[in-house]
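What follows is the content of protein-v4.cif (mmCIF, C-alpha atoms).
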```
data_input
loop_
_atom_site.label_atom_id
_atom_site.label_comp_id
_atom_site.auth_asym_id
_atom_site.auth_seq_id
_atom_site.Cartn_x
_atom_site.Cartn_y
_atom_site.Cartn_z
CA MET A 1 84.21 243.89 70.07
CA PRO A 2 84.38 240.18 69.27
CA PHE A 3 87.74 238.51 68.72
CA LYS A 4 88.44 237.65 65.07
CA ILE A 5 90.09 234.26 64.47
CA PHE A 6 91.21 232.62 61.21
CA VAL A 7 91.44 228.81 61.29
CA VAL A 8 93.52 226.57 58.98
CA ASN A 9 93.14 222.77 58.95
CA PRO A 10 95.18 220.93 56.28
CA GLY A 11 94.20 217.37 55.40
CA GLY A 12 95.24 214.69 52.95
CA GLY A 13 93.12 215.96 50.04
CA SER A 14 91.93 219.36 51.19
CA THR A 15 92.58 222.43 53.32
CA LYS A 16 89.69 223.56 55.52
CA LEU A 17 89.42 227.26 56.37
CA ALA A 18 87.12 229.12 58.73
CA TYR A 19 86.58 232.61 60.09
CA PHE A 20 85.21 233.03 63.62
CA GLU A 21 84.12 236.01 65.66
CA ASP A 22 84.28 234.73 69.24
CA GLU A 23 82.32 231.43 69.25
CA THR A 24 80.42 232.17 66.02
CA ARG A 25 81.66 230.72 62.74
CA LEU A 26 80.86 233.23 60.02
CA LEU A 27 82.61 231.56 57.11
CA TYR A 28 83.76 228.07 56.17
CA GLU A 29 85.45 226.70 53.08
CA GLU A 30 86.96 223.34 52.21
CA ILE A 31 89.44 223.73 49.37
CA GLU A 32 89.70 220.42 47.51
CA HIS A 33 93.18 219.70 46.12
CA ASN A 34 93.84 217.86 42.88
CA PRO A 35 95.40 214.51 43.92
CA LEU A 36 97.59 214.47 40.80
CA THR A 37 98.95 217.91 41.71
CA LEU A 38 99.64 216.83 45.28
CA LYS A 39 101.55 213.80 44.00
CA GLU A 40 103.96 216.11 42.19
CA LEU A 41 104.73 218.11 45.37
CA HIS A 42 107.67 216.26 46.89
CA THR A 43 108.78 218.64 49.67
CA MET A 44 107.10 220.38 52.57
CA GLU A 45 108.00 223.77 51.05
CA GLU A 46 106.21 222.86 47.81
CA GLN A 47 103.13 221.69 49.76
CA ILE A 48 103.06 224.87 51.85
CA GLU A 49 103.52 227.14 48.84
CA TYR A 50 100.73 225.36 46.96
CA ARG A 51 98.28 225.51 49.87
CA MET A 52 99.17 229.12 50.74
CA LYS A 53 98.48 230.18 47.16
CA GLN A 54 95.03 228.60 47.32
CA ILE A 55 94.36 230.21 50.70
CA ASP A 56 95.29 233.61 49.22
CA GLU A 57 92.89 233.06 46.31
CA PHE A 58 90.07 232.14 48.71
CA VAL A 59 90.72 235.17 50.93
CA LYS A 60 90.62 237.54 47.93
CA LYS A 61 87.29 236.09 46.76
CA SER A 62 85.73 236.17 50.23
CA ASP A 63 86.75 239.73 51.08
CA ILE A 64 88.19 238.70 54.46
CA ASP A 65 90.80 241.16 55.71
CA LEU A 66 93.46 239.00 57.38
CA SER A 67 95.18 242.09 58.75
CA LYS A 68 92.13 242.57 61.01
CA MET A 69 92.45 239.12 62.61
CA ASP A 70 93.30 238.90 66.31
CA ALA A 71 94.88 235.46 65.91
CA PHE A 72 95.58 232.62 63.50
CA VAL A 73 95.24 229.00 64.60
CA GLY A 74 96.14 225.80 62.76
CA ARG A 75 95.81 222.09 63.32
CA GLY A 76 98.71 220.49 65.17
CA GLY A 77 100.30 217.38 63.75
CA ALA A 78 102.28 214.30 64.70
CA PHE A 79 105.00 216.29 66.42
CA PHE A 80 107.14 215.06 69.29
CA PRO A 81 105.00 214.04 72.31
CA LEU A 82 103.41 217.09 73.95
CA LYS A 83 101.06 217.92 76.78
CA SER A 84 97.48 218.88 76.01
CA GLY A 85 96.76 222.57 75.48
CA VAL A 86 97.27 225.62 73.26
CA TYR A 87 100.74 226.29 71.86
CA PHE A 88 102.39 229.17 70.05
CA ALA A 89 103.00 228.15 66.43
CA ASP A 90 106.55 229.45 66.69
CA ASP A 91 109.83 228.88 64.85
CA ASP A 92 110.80 225.92 67.06
CA VAL A 93 107.93 223.77 65.81
CA LEU A 94 108.39 225.15 62.28
CA GLN A 95 112.04 224.01 62.23
CA ASP A 96 111.19 220.52 63.50
CA VAL A 97 108.55 220.10 60.79
CA LYS A 98 110.90 221.43 58.10
CA ASN A 99 113.66 219.06 59.23
CA GLY A 100 111.33 216.06 59.35
CA LYS A 101 111.65 215.75 63.13
CA VAL A 102 108.10 214.49 63.60
CA GLN A 103 106.60 211.11 64.46
CA ALA A 104 104.70 210.72 61.20
CA ASP A 105 104.53 212.37 57.80
CA HIS A 106 101.01 213.80 57.68
CA PRO A 107 99.45 217.00 56.23
CA SER A 108 98.29 218.01 59.73
CA ASN A 109 101.95 218.94 60.34
CA PHE A 110 101.50 221.84 57.90
CA GLY A 111 98.85 223.63 59.99
CA ALA A 112 101.26 225.16 62.47
CA VAL A 113 103.65 226.14 59.67
CA ILE A 114 100.97 227.91 57.61
CA VAL A 115 99.66 229.96 60.55
CA ASN A 116 103.26 230.73 61.58
CA TYR A 117 103.71 232.36 58.17
CA LEU A 118 100.37 234.17 58.39
CA GLY A 119 101.12 235.41 61.90
CA LYS A 120 104.48 236.83 60.81
CA LYS A 121 102.98 238.43 57.71
CA TYR A 122 100.22 240.20 59.61
CA LYS A 123 102.09 240.62 62.92
CA LYS A 124 99.48 238.68 64.91
CA PRO A 125 99.83 235.68 67.26
CA SER A 126 99.52 232.18 65.83
CA PHE A 127 98.67 228.97 67.67
CA PHE A 128 97.99 225.26 67.37
CA VAL A 129 95.77 223.27 69.75
CA ASP A 130 95.88 219.69 71.08
CA PRO A 131 98.02 218.20 68.31
CA VAL A 132 97.86 214.60 67.12
CA SER A 133 100.87 213.87 69.34
CA VAL A 134 99.37 214.80 72.74
CA ASP A 135 100.86 212.24 75.14
CA GLU A 136 99.31 211.68 78.57
CA PHE A 137 100.01 207.94 78.70
CA ASP A 138 100.53 206.08 81.93
CA ASP A 139 103.82 204.17 81.94
CA ILE A 140 101.99 200.84 81.67
CA SER A 141 100.13 202.10 78.58
CA ARG A 142 103.38 202.35 76.61
CA LEU A 143 104.40 198.69 76.70
CA SER A 144 103.44 196.71 73.61
CA GLY A 145 104.78 193.27 74.43
CA LEU A 146 107.99 193.69 72.42
CA LYS A 147 110.73 195.84 73.95
CA GLN A 148 111.78 197.39 70.63
CA LEU A 149 108.24 198.58 69.84
CA GLU A 150 106.77 201.18 72.18
CA ARG A 151 103.08 202.09 71.87
CA LYS A 152 102.68 205.69 70.74
CA SER A 153 100.05 208.25 71.63
CA LEU A 154 98.92 209.45 68.19
CA ALA A 155 95.21 210.09 67.98
CA HIS A 156 92.33 212.40 66.99
CA THR A 157 93.09 214.37 70.16
CA LEU A 158 91.77 217.74 68.99
CA ASN A 159 88.19 216.52 68.52
CA THR A 160 88.40 213.98 71.33
CA LYS A 161 89.32 216.55 74.00
CA TYR A 162 86.83 219.09 72.63
CA VAL A 163 83.81 216.76 72.76
CA ALA A 164 84.85 215.46 76.18
CA LYS A 165 84.76 219.01 77.55
CA LYS A 166 81.44 219.69 75.81
CA VAL A 167 79.79 216.64 77.40
CA ALA A 168 81.15 217.60 80.81
CA GLU A 169 79.79 221.15 80.38
CA LYS A 170 76.39 219.80 79.29
CA HIS A 171 76.12 217.88 82.56
CA GLY A 172 77.34 220.75 84.74
CA LYS A 173 80.71 219.12 85.39
CA LYS A 174 84.32 219.83 84.61
CA TYR A 175 86.23 217.55 82.26
CA GLU A 176 88.68 216.95 85.10
CA GLU A 177 85.88 215.52 87.29
CA LEU A 178 84.80 212.72 84.96
CA ASN A 179 85.86 209.31 83.68
CA LEU A 180 85.04 209.06 79.98
CA ILE A 181 85.51 206.83 76.97
CA VAL A 182 85.65 208.75 73.69
CA ALA A 183 85.33 206.86 70.40
CA HIS A 184 86.34 208.95 67.39
CA LEU A 185 84.82 207.09 64.44
CA GLY A 186 86.18 208.39 61.14
CA THR A 187 88.25 207.02 58.25
CA GLY A 188 90.49 205.99 61.12
CA ILE A 189 89.20 205.05 64.57
CA SER A 190 90.78 206.04 67.87
CA ILE A 191 89.18 205.06 71.17
CA SER A 192 90.52 206.56 74.37
CA PRO A 193 89.82 206.37 78.10
CA HIS A 194 89.95 209.68 80.01
CA ARG A 195 90.53 209.63 83.75
CA LYS A 196 89.87 212.97 85.43
CA GLY A 197 91.06 215.05 82.47
CA LYS A 198 93.89 212.77 81.36
CA MET A 199 93.80 210.70 78.15
CA PHE A 200 95.97 207.93 79.56
CA ASP A 201 95.67 205.41 76.71
CA VAL A 202 94.45 205.20 73.10
CA ASN A 203 94.73 202.90 70.14
CA ASN A 204 96.88 204.52 67.45
CA ALA A 205 94.49 204.29 64.49
CA ASN A 206 97.33 203.27 62.15
CA ASP A 207 98.60 200.51 64.44
CA GLY A 208 95.69 198.83 66.17
CA GLY A 209 92.15 198.87 67.44
CA PRO A 210 89.07 198.19 65.30
CA PHE A 211 89.17 198.13 61.52
CA SER A 212 87.69 201.25 59.95
CA PRO A 213 86.67 202.46 56.48
CA GLN A 214 90.35 202.70 55.43
CA ARG A 215 92.53 201.06 58.08
CA THR A 216 93.01 197.48 59.16
CA GLY A 217 93.34 198.05 62.89
CA SER A 218 94.92 195.15 64.80
CA LEU A 219 95.97 192.20 62.63
CA PRO A 220 97.10 188.60 63.28
CA VAL A 221 100.82 189.30 63.85
CA THR A 222 102.36 186.09 62.50
CA GLY A 223 100.23 186.23 59.37
CA LEU A 224 101.20 189.88 58.84
CA ILE A 225 104.90 189.04 59.14
CA LYS A 226 104.56 186.24 56.58
CA LEU A 227 102.74 188.58 54.19
CA CYS A 228 105.48 191.20 54.57
CA TYR A 229 108.16 188.61 53.69
CA SER A 230 106.18 186.91 50.94
CA GLY A 231 107.82 189.00 48.23
CA MET A 232 104.39 190.06 47.00
CA HIS A 233 104.52 193.61 48.36
CA THR A 234 107.08 196.36 49.00
CA GLU A 235 107.26 198.16 52.35
CA LYS A 236 105.49 201.17 50.83
CA GLU A 237 102.72 198.95 49.46
CA MET A 238 102.23 197.23 52.83
CA LEU A 239 102.01 200.56 54.67
CA ARG A 240 99.40 201.73 52.18
CA LYS A 241 97.54 198.42 52.49
CA VAL A 242 97.09 198.78 56.27
CA THR A 243 96.43 202.55 56.39
CA LYS A 244 94.59 203.33 53.14
CA GLU A 245 93.35 200.07 51.66
CA GLY A 246 92.29 198.14 54.76
CA GLY A 247 89.00 197.80 56.61
CA LEU A 248 85.87 198.38 54.54
CA MET A 249 88.03 199.18 51.49
CA SER A 250 89.69 195.76 51.70
CA TYR A 251 86.45 193.81 52.03
CA LEU A 252 83.98 195.86 49.99
CA ASP A 253 86.06 198.16 47.74
CA THR A 254 84.54 201.29 49.23
CA GLN A 255 85.16 203.45 52.29
CA ASP A 256 81.77 205.19 52.06
CA LEU A 257 79.75 204.07 55.09
CA ARG A 258 76.47 205.12 53.47
CA GLU A 259 77.20 202.90 50.49
CA VAL A 260 78.19 200.02 52.78
CA GLU A 261 74.93 200.33 54.73
CA LYS A 262 72.94 200.11 51.48
CA MET A 263 74.98 197.07 50.43
CA ALA A 264 74.37 195.45 53.82
CA GLU A 265 70.60 195.63 53.29
CA LYS A 266 70.86 193.39 50.22
CA ASP A 267 74.03 191.34 50.60
CA ASP A 268 74.84 188.95 53.48
CA TYR A 269 78.62 189.30 53.08
CA ALA A 270 78.44 193.11 53.23
CA LYS A 271 76.16 192.80 56.28
CA THR A 272 78.73 190.57 58.01
CA VAL A 273 81.56 193.02 57.29
CA TYR A 274 79.50 195.96 58.54
CA ASN A 275 78.49 194.15 61.72
CA ALA A 276 82.08 192.99 62.28
CA MET A 277 83.27 196.61 62.31
CA ILE A 278 80.61 197.52 64.88
CA TYR A 279 81.58 194.46 66.92
CA GLN A 280 85.27 195.44 66.91
CA ILE A 281 84.50 199.04 67.90
CA ALA A 282 82.37 197.77 70.80
CA LYS A 283 85.15 195.39 71.93
CA GLU A 284 87.66 198.26 72.06
CA ILE A 285 85.23 200.40 74.07
CA GLY A 286 84.80 197.45 76.43
CA ALA A 287 88.57 197.16 76.80
CA MET A 288 88.82 200.85 77.69
CA SER A 289 86.09 200.43 80.31
CA ALA A 290 88.33 197.81 81.92
CA ALA A 291 91.22 200.31 81.80
CA LEU A 292 88.97 202.61 83.85
CA LYS A 293 88.20 199.72 86.23
CA GLY A 294 84.54 199.92 85.26
CA LYS A 295 84.12 203.45 86.60
CA VAL A 296 82.79 205.19 83.48
CA ASP A 297 80.56 208.29 83.62
CA PHE A 298 79.85 208.58 79.88
CA ILE A 299 80.75 207.00 76.55
CA ILE A 300 81.02 209.58 73.75
CA LEU A 301 80.64 208.66 70.09
CA THR A 302 82.02 211.26 67.67
CA GLY A 303 83.59 211.55 64.21
CA GLY A 304 81.95 211.25 60.80
CA MET A 305 80.60 207.71 61.20
CA SER A 306 78.67 208.67 64.33
CA ARG A 307 76.26 210.53 62.03
CA SER A 308 74.85 207.09 61.12
CA GLU A 309 71.84 206.33 63.29
CA LYS A 310 72.08 202.69 62.25
CA LEU A 311 75.71 202.38 63.38
CA VAL A 312 75.04 204.18 66.67
CA LYS A 313 72.03 201.95 67.34
CA GLY A 314 74.11 198.85 66.61
CA LEU A 315 76.88 199.98 68.94
CA LYS A 316 74.50 200.77 71.77
CA THR A 317 73.28 197.16 71.83
CA TYR A 318 76.82 196.21 72.93
CA ILE A 319 77.87 199.13 75.15
CA ASP A 320 74.96 200.97 76.75
CA TRP A 321 75.18 198.72 79.84
CA ILE A 322 78.61 200.24 80.58
CA ALA A 323 77.54 203.90 80.85
CA PRO A 324 75.19 206.46 79.24
CA VAL A 325 76.08 207.09 75.60
CA GLU A 326 76.41 210.64 74.24
CA VAL A 327 76.67 211.28 70.50
CA ILE A 328 78.46 214.36 69.11
CA PRO A 329 78.75 213.64 65.38
CA GLY A 330 81.36 215.07 63.03
CA GLU A 331 84.95 216.12 63.53
CA ASN A 332 84.36 219.50 65.27
CA GLU A 333 88.00 220.40 64.58
CA MET A 334 87.42 223.96 63.35
CA GLU A 335 85.42 224.84 66.47
CA ALA A 336 87.99 223.16 68.71
CA LEU A 337 90.81 225.19 67.14
CA ALA A 338 88.90 228.47 67.29
CA PHE A 339 87.79 227.92 70.89
CA GLY A 340 91.37 227.10 71.92
CA ALA A 341 92.66 230.36 70.47
CA LEU A 342 89.70 232.26 71.93
CA GLY A 343 90.55 231.00 75.41
CA VAL A 344 94.02 232.53 75.06
CA LEU A 345 92.70 235.83 73.68
CA LYS A 346 90.26 236.09 76.60
CA GLY A 347 93.01 235.39 79.10
CA GLU A 348 91.42 232.09 80.22
CA GLU A 349 94.40 229.99 79.15
CA LYS A 350 98.11 230.67 78.92
CA PRO A 351 99.69 229.39 75.69
CA LYS A 352 102.60 226.98 75.97
CA ARG A 353 105.96 227.05 74.20
CA TYR A 354 106.74 223.98 72.11
CA LYS A 355 110.37 223.83 73.24
CA ASP A 356 109.36 223.86 76.93
CA PHE A 357 106.97 220.92 76.75
CA VAL A 358 108.23 218.59 74.05
CA LYS A 359 109.29 215.37 75.77
CA TYR A 360 111.71 213.82 73.33
CA ARG A 361 113.83 216.08 71.18
CA ARG A 362 116.30 214.99 68.53
#
```
Write-out of the structure in structure tokens:
Amino acid sequence: MPFKIFVVNPGGGSTKLAYFEDETRLLYEEIEHNPLTLKELHTMEEQIEYRMKQIDEFVKKSDIDLSKMDAFVGRGGAFFPLKSGVYFADDDVLQDVKNGKVQADHPSNFGAVIVNYLGKKYKKPSFFVDPVSVDEFDDISRLSGLKQLERKSLAHTLNTKYVAKKVAEKHGKKYEELNLIVAHLGTGISISPHRKGKMFDVNNANDGGPFSPQRTGSLPVTGLIKLCYSGMHTEKEMLRKVTKEGGLMSYLDTQDLREVEKMAEKDDYAKTVYNAMIYQIAKEIGAMSAALKGKVDFIILTGGMSRSEKLVKGLKTYIDWIAPVEVIPGENEMEALAFGALGVLKGEEKPKRYKDFVKYRR
């Protein structure tokens, strides 16, 4: 009998749900949330209650019997720094999320909490896999240049690790045998070097790296400081400016790459902005090849923007001299979560306890 797995992936404006039997996804739904409703939900409990109610409504309509599931698995968020792997979504992580003891306030934090509740309700195990806060940094990767500001490992780790293992498998290798650069190209961009199974550096998409559809990436520091103290913007407005209103949004008033590519065909300014984003992505990939001392087996392009043949072609003109380029488009998060839980159910991986592996607590 195949293992039955229910997957929950909360995001900023939606909650993605999926039902798997072993490796096969039999059902998928993305529940879109009203942004005005979300604005009125001020606490984690209100967010969870709202999303759980919508999950219940979906389950009733789809005739899925959650009591027949073998496991529940949710996306892991910006928790304290953790090792890579599958974790029990237990009360320790639930309490840290409830008490705000996380590195960033993001809806991905809710995934482990929701499946914790579902697991308790149906008396089945619940897990999260490769959270945003996976930290495998080398010591030298942490230094920023200012003692008070340490570089943090916060990235699209779930998809990044999944596609890295898929490429290794495709070429008859183990992930731990290869040196890879993985570029997750979405509304935020994170580019990471992987040395023999260890993601030892990455640009935090909110803090640096290339500009993306929504985020500014690295900025001229002195100019940024002057803007912050200009009196023109509050702290909240500045944070929104660099994480939600930067990049393509700042230059072209849209974050839709397809729209930008159409604009670039007719407008020289839009073409310059588009090419500048590709240029910055390529520069970051080049920097990560230096971090690997030039010993790179494959470069992997993934995330939503890698669906664009035009963008991929443009990037290759800069980077294909470094190493062969593999493209695995999309986010692949639902599969990554399901496969992580499946590995535990099959006895191929032993799940970790949050309290045993968290590096920095309270």
Residues selected by the PyMOL selection byres ((chain A and resi 289) around 10), written as a count of residues only
22
Which residues are close to Ser190 in chain A, i.e. within 10 Å by only C-alpha atoms, leaving aside same-chain residues fewer than 6 positions away? Reply as a list of chain:residue names.
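Contacts, with the query itself left out: A:Leu154, A:Ala155, A:His156, A:Thr157, A:Thr160, A:Val182, A:Ala183, A:His184, A:Val202, A:Asn203, A:Asn204, A:Ala205, A:Asn206, A:Gly208, A:Gly209, A:Pro210, A:Ser212, A:Gly217, A:Ile281, A:Glu284, A:Gly303.
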Fewer than 5 positions away in the same chain doesn't count, so skip those; otherwise give me all residues within 9 Å of Val312 in chain A, counting only C-alpha atoms, as a ChimeraX atom specification.
/A:278,301,305-307,317,327
Expand the PyMOL selection byres ((chain A and resi 125) around 8) into the explicit residue set it covers here, and present it as a ChimeraX atom specification.
/A:70-72,88,119,123-124,126-127
Result set of the PyMOL selection byres ((chain A and resi 308) around 12) on the coordinates above, as number ranges by chain
A: 185-186, 256-261, 278, 301-307, 309-315, 327-330
Between CA of Arg25 in chain A and CA of Glu176 in chain A, what is the distance, to one decimal in Å?
27.2 Å
Tell me, in Å to one decimal, how far CA of Glu136 in chain A is from CA of Phe200 in chain A.
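If I compute the distance from CA of Glu136 in chain A to CA of Phe200 in chain A, I get 5.1 Å.
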Got a sec to check which residues sit within 10 Å of (82.4, 235.4, 52.3), counting all atoms listed in the file, and write them as an mmCIF file with C-alpha atoms, in the frame of the given file?
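Heads up, here's the output in selection-v8.cif:
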```
data_model
loop_
_atom_site.group_PDB
_atom_site.id
_atom_site.type_symbol
_atom_site.label_atom_id
_atom_site.label_comp_id
_atom_site.auth_asym_id
_atom_site.auth_seq_id
_atom_site.Cartn_x
_atom_site.Cartn_y
_atom_site.Cartn_z
ATOM 1 C CA TYR A 19 86.580 232.610 60.090
ATOM 2 C CA LEU A 26 80.860 233.230 60.020
ATOM 3 C CA LEU A 27 82.610 231.560 57.110
ATOM 4 C CA TYR A 28 83.760 228.070 56.170
ATOM 5 C CA GLU A 29 85.450 226.700 53.080
ATOM 6 C CA PHE A 58 90.070 232.140 48.710
ATOM 7 C CA VAL A 59 90.720 235.170 50.930
ATOM 8 C CA LYS A 60 90.620 237.540 47.930
ATOM 9 C CA LYS A 61 87.290 236.090 46.760
ATOM 10 C CA SER A 62 85.730 236.170 50.230
ATOM 11 C CA ASP A 63 86.750 239.730 51.080
ATOM 12 C CA ILE A 64 88.190 238.700 54.460
#
```
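For the set A:Gln103, A:Asn332, A:Gln95, A:Ser153, the residue with the smallest atom-to-atom gap to Lys355 in chain A is A:Gln95, counting all atoms listed in the file.
Nearest to Lys166 in chain A of all the residues A:Thr24, A:Glu326, A:Ser144, A:Ala264 is A:Glu326, based on all atoms listed in the file.
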Figure out the distance between CA of Lys83 in chain A and CA of Lys152 in chain A, please, to one decimal in Å.
13.7 Å
Exercise: Ile114 in chain A partners within 8 Å, only C-alpha atoms, chain neighbours under 2 positions left out, as a PyMOL selection string
chain A and resi 8+48+52+74+110-112+116-118
Could you add the missing atoms to range 230-244 of chain A, up to N, CA and C atoms, and return them as a PDB file, in the frame of the given file?
```pdb
ATOM      1  N   SER A 230     106.604 187.810  52.021  1.00  0.00           N
ATOM      2  CA  SER A 230     106.180 186.910  50.940  1.00  0.00           C
ATOM      3  C   SER A 230     106.782 187.291  49.589  1.00  0.00           C
ATOM      4  N   GLY A 231     107.300 188.512  49.502  1.00  0.00           N
ATOM      5  CA  GLY A 231     107.820 189.000  48.230  1.00  0.00           C
ATOM      6  C   GLY A 231     106.737 189.576  47.331  1.00  0.00           C
ATOM      7  N   MET A 232     105.507 189.566  47.805  1.00  0.00           N
ATOM      8  CA  MET A 232     104.390 190.060  47.000  1.00  0.00           C
ATOM      9  C   MET A 232     104.230 191.574  47.066  1.00  0.00           C
ATOM     10  N   HIS A 233     104.754 192.186  48.157  1.00  0.00           N
ATOM     11  CA  HIS A 233     104.520 193.610  48.360  1.00  0.00           C
ATOM     12  C   HIS A 233     105.794 194.295  48.863  1.00  0.00           C
ATOM     13  N   THR A 234     105.995 195.545  48.456  1.00  0.00           N
ATOM     14  CA  THR A 234     107.080 196.360  49.000  1.00  0.00           C
ATOM     15  C   THR A 234     106.644 196.944  50.347  1.00  0.00           C
ATOM     16  N   GLU A 235     107.595 197.525  51.078  1.00  0.00           N
ATOM     17  CA  GLU A 235     107.260 198.160  52.350  1.00  0.00           C
ATOM     18  C   GLU A 235     106.229 199.264  52.144  1.00  0.00           C
ATOM     19  N   LYS A 236     106.423 200.073  51.108  1.00  0.00           N
ATOM     20  CA  LYS A 236     105.490 201.170  50.830  1.00  0.00           C
ATOM     21  C   LYS A 236     104.095 200.632  50.539  1.00  0.00           C
ATOM     22  N   GLU A 237     104.019 199.546  49.792  1.00  0.00           N
ATOM     23  CA  GLU A 237     102.720 198.950  49.460  1.00  0.00           C
ATOM     24  C   GLU A 237     102.043 198.388  50.706  1.00  0.00           C
ATOM     25  N   MET A 238     102.811 197.785  51.603  1.00  0.00           N
ATOM     26  CA  MET A 238     102.230 197.230  52.830  1.00  0.00           C
ATOM     27  C   MET A 238     101.704 198.344  53.739  1.00  0.00           C
ATOM     28  N   LEU A 239     102.471 199.436  53.842  1.00  0.00           N
ATOM     29  CA  LEU A 239     102.010 200.560  54.670  1.00  0.00           C
ATOM     30  C   LEU A 239     100.711 201.133  54.099  1.00  0.00           C
ATOM     31  N   ARG A 240     100.629 201.231  52.798  1.00  0.00           N
ATOM     32  CA  ARG A 240      99.400 201.730  52.180  1.00  0.00           C
ATOM     33  C   ARG A 240      98.253 200.745  52.405  1.00  0.00           C
ATOM     34  N   LYS A 241      98.568 199.457  52.322  1.00  0.00           N
ATOM     35  CA  LYS A 241      97.540 198.420  52.490  1.00  0.00           C
ATOM     36  C   LYS A 241      96.881 198.516  53.867  1.00  0.00           C
ATOM     37  N   VAL A 242      97.660 198.777  54.913  1.00  0.00           N
ATOM     38  CA  VAL A 242      97.090 198.780  56.270  1.00  0.00           C
ATOM     39  C   VAL A 242      96.514 200.133  56.675  1.00  0.00           C
ATOM     40  N   THR A 243      96.917 201.231  55.985  1.00  0.00           N
ATOM     41  CA  THR A 243      96.430 202.550  56.390  1.00  0.00           C
ATOM     42  C   THR A 243      95.459 203.188  55.401  1.00  0.00           C
ATOM     43  N   LYS A 244      95.459 202.724  54.152  1.00  0.00           N
ATOM     44  CA  LYS A 244      94.590 203.330  53.140  1.00  0.00           C
ATOM     45  C   LYS A 244      93.678 202.327  52.445  1.00  0.00           C
TER      46      LYS A 244
END
```
